[in-house]
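Chemist: One structure, pasted below without further comment.
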Amino acid sequence: MPEPLKNLLHPGVVVEIAEYLSLHAAGFERDRFLAFAGDGLESLELMQRSLQIRDALVEMLPADFPAAATILEAALPNGNAPGLNGWALLPVSQFVAVRGLGDFELSLSLLRRLTPHFTGEFAVRPFIHQDQDRALATIYRWVEDDNHHVRRLASEGTRPRLPWAMRLPKLVREPRPILPILTALLDDPEEYVRRSVANSLNDIAKDHPDLVGEFVAAHIAGASPERLRLLRHASRTLLKQGHRGALANFGFDPPLGVAAQLAIATPAVRFGSDLLLGLSVRNAHSLRQRVMIDYAVHHRKGNGDTSPKVFKWTTVTLEAGATVALKKHHPIRPITTRRYYGGAHRVVVLINGQPAAEADFELIMA
């Protein structure tokens, strides 16, 4: 079994925070901090642990935020000198988000400073929520930072629907203010940054599909292979949904005379094994066609309804009159993001986003 995520913030991290703060804060009450931050820590989940440590910082650091910020910045690594880093900085960044809202520029500067040692993407969001224009004006300058972690913070921290983080409803409703940030990072030399840009665009596509389709169309001509991968990843939700503009951006037209037959070799699937799919696709049209083949598994829910989840299969070019045969092993095993229920399930094959064939199978949980 993998180590539980919550154990990334263990009692040793609390001791580490206390040691570094003691070095830079005269009169820091180390023992009191350890008692406060460590009280029942191991019974808490990850974010509960972080918030408890954050509250201990609120209690022990100076009430004057600039004084507290000076201590925290001094406790960060500096050149060859070690300092607070990694998961120890999650509660530190949360402290900044709570106590620093009245010191906008200082707080954003501190988050930028700590980000190379642990991301500040969660902590920057309250500042965007409080004063979007002011925050984005500062964040836009980060796109030219020498450190790729800071550049990624510009795109990741502004994602309208960042997982695990507070949502930014104003940007969900109107995401255009962050498009200049994403545009500036389209050709960033780091894959780490480009992936974040793609994820932000994919977030936007969930609420504004046409906007993202138009954005991709405006930036795809002459794109490098790296930018093309970014734009394709940014369009993944739209492609799965069969969005006409997104399909056209990548050379997929509505299929003409394409017929599919789906066979399920395992009509009864035991939980923990594989669903075996066989697919035959024929191009009965007189022209060659490039087709993107996906499949949606309609998972059964606890109330008996089903919920579809789309998975990638492959992309093929079919000559006129040609037929292609495909096979797929789809694992049905325990995952943290889904609870499985026994009973009837359905598989629907999608060709260029359009349903083309379907079949049912029974999931056996015993």
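Here's how to read the names in the structure tokens: chain A, B, ... by the order shown, residue numbers from 1 in each chain, ligand numbers from 1 in the order shown.
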A:Arg30: which residues within 10 Å, counting only C-alpha atoms, same-chain residues fewer than 6 positions away excluded, as a ChimeraX atom specification?
Modeler: /A:15,17-19,21-22,36,60
Chemist: I need the residues in stretch 88-172 of chain A that are alpha helix (DSSP H) according to DSSP; give them as a ChimeraX atom specification.
Modeler: /A:89-99,104-114,125-130,132-141,148-156,169-172
Chemist: Mind writing the picked residues with C-alpha atoms as a PDB file, in the first residue's frame?
Modeler:
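Once written, part23.pdb looks like this:
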ATOM      1  CA  LEU A  89       5.778  25.417   3.453  1.00  0.00           C
ATOM      2  CA  LEU A  90       2.134  24.425   2.899  1.00  0.00           C
ATOM      3  CA  PRO A  91       1.024  25.806   6.293  1.00  0.00           C
ATOM      4  CA  VAL A  92       3.417  28.730   5.840  1.00  0.00           C
ATOM      5  CA  SER A  93       1.759  29.709   2.566  1.00  0.00           C
ATOM      6  CA  GLN A  94      -1.664  29.319   4.229  1.00  0.00           C
ATOM      7  CA  PHE A  95      -0.488  31.656   6.979  1.00  0.00           C
ATOM      8  CA  VAL A  96       0.328  34.246   4.322  1.00  0.00           C
ATOM      9  CA  ALA A  97      -3.114  33.788   2.734  1.00  0.00           C
ATOM     10  CA  VAL A  98      -4.835  34.434   6.087  1.00  0.00           C
ATOM     11  CA  ARG A  99      -2.663  37.105   7.678  1.00  0.00           C
ATOM     12  CA  PHE A 104      -0.992  42.772  -0.780  1.00  0.00           C
ATOM     13  CA  GLU A 105       2.343  43.405  -2.459  1.00  0.00           C
ATOM     14  CA  LEU A 106       4.411  42.075   0.431  1.00  0.00           C
ATOM     15  CA  SER A 107       2.364  38.881   0.568  1.00  0.00           C
ATOM     16  CA  LEU A 108       2.555  38.213  -3.163  1.00  0.00           C
ATOM     17  CA  SER A 109       6.284  38.869  -3.059  1.00  0.00           C
ATOM     18  CA  LEU A 110       6.674  36.349  -0.221  1.00  0.00           C
ATOM     19  CA  LEU A 111       4.611  33.730  -2.092  1.00  0.00           C
ATOM     20  CA  ARG A 112       6.786  34.269  -5.153  1.00  0.00           C
ATOM     21  CA  ARG A 113       9.879  33.836  -2.967  1.00  0.00           C
ATOM     22  CA  LEU A 114       8.721  30.572  -1.371  1.00  0.00           C
ATOM     23  CA  ARG A 125      -5.991  32.555  -4.774  1.00  0.00           C
ATOM     24  CA  PRO A 126      -7.488  34.548  -1.872  1.00  0.00           C
ATOM     25  CA  PHE A 127      -5.577  37.574  -3.195  1.00  0.00           C
ATOM     26  CA  ILE A 128      -7.053  37.073  -6.684  1.00  0.00           C
ATOM     27  CA  HIS A 129     -10.495  36.676  -5.148  1.00  0.00           C
ATOM     28  CA  GLN A 130     -10.117  39.850  -3.062  1.00  0.00           C
ATOM     29  CA  GLN A 132      -8.482  40.405  -9.126  1.00  0.00           C
ATOM     30  CA  ASP A 133      -7.146  43.305 -11.175  1.00  0.00           C
ATOM     31  CA  ARG A 134      -4.446  44.169  -8.678  1.00  0.00           C
ATOM     32  CA  ALA A 135      -3.390  40.558  -8.177  1.00  0.00           C
ATOM     33  CA  LEU A 136      -3.260  39.737 -11.884  1.00  0.00           C
ATOM     34  CA  ALA A 137      -1.171  42.838 -12.597  1.00  0.00           C
ATOM     35  CA  THR A 138       1.488  41.464 -10.240  1.00  0.00           C
ATOM     36  CA  ILE A 139       1.118  37.851 -11.361  1.00  0.00           C
ATOM     37  CA  TYR A 140       1.511  38.815 -15.029  1.00  0.00           C
ATOM     38  CA  ARG A 141       5.051  39.990 -14.269  1.00  0.00           C
ATOM     39  CA  HIS A 148      10.189  28.034 -13.852  1.00  0.00           C
ATOM     40  CA  HIS A 149       8.335  27.349 -10.590  1.00  0.00           C
ATOM     41  CA  VAL A 150       7.371  31.016 -10.424  1.00  0.00           C
ATOM     42  CA  ARG A 151       6.285  31.032 -14.068  1.00  0.00           C
ATOM     43  CA  ARG A 152       4.133  27.986 -13.385  1.00  0.00           C
ATOM     44  CA  LEU A 153       2.631  29.752 -10.362  1.00  0.00           C
ATOM     45  CA  ALA A 154       1.363  32.434 -12.766  1.00  0.00           C
ATOM     46  CA  SER A 155      -0.659  29.864 -14.718  1.00  0.00           C
ATOM     47  CA  GLU A 156      -1.496  27.309 -12.025  1.00  0.00           C
ATOM     48  CA  PRO A 169     -15.981  32.344  -9.452  1.00  0.00           C
ATOM     49  CA  LYS A 170     -15.224  35.632 -11.192  1.00  0.00           C
ATOM     50  CA  LEU A 171     -12.724  33.904 -13.489  1.00  0.00           C
ATOM     51  CA  VAL A 172     -15.081  30.960 -13.960  1.00  0.00           C
TER      52      VAL A 172
END
Chemist: Could you pull the residues within 12 Å of A:Ser286, counting only C-alpha atoms, minus those fewer than 6 positions along the same chain, as a CSV table (one decimal) with C-alpha atoms, in the first residue's frame?
Modeler:
chain,number,residue,atom,x,y,z
A,256,LEU,CA,-19.1,10.3,-43.3
A,257,GLY,CA,-20.1,6.7,-43.9
A,258,VAL,CA,-18.1,5.4,-41.0
A,318,LEU,CA,-9.0,5.0,-42.9
A,319,GLU,CA,-8.6,4.7,-46.7
A,320,ALA,CA,-11.8,4.6,-48.7
A,321,GLY,CA,-13.5,1.2,-48.2
A,322,ALA,CA,-10.9,0.2,-45.5
Chemist: Counting only C-alpha atoms, which of A:Glu191, A:Glu73, A:Glu42, A:Asp203 gets nearest to A:Ala25?
Modeler: A:Glu73
Chemist: With only C-alpha atoms as the basis for distance, which of A:Leu238, A:Leu9, A:Ala366, A:Val316 is at the shortest distance from A:Val269?
Modeler: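 Once distances to A:Val269 are computed over only C-alpha atoms, the minimum belongs to A:Ala366.
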Chemist: Quick one: residues within 9 Å of stretch 31-35 of chain A, only C-alpha atoms, excluding same-chain residues fewer than 3 positions away - as a list in words?
Modeler: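 My reading of the contact set: Pro11, Val14, Val15, Ala18, Phe28, Gly38, Asp39, Ile53, Ala56, Leu57, Glu59 and Met60 of chain A.
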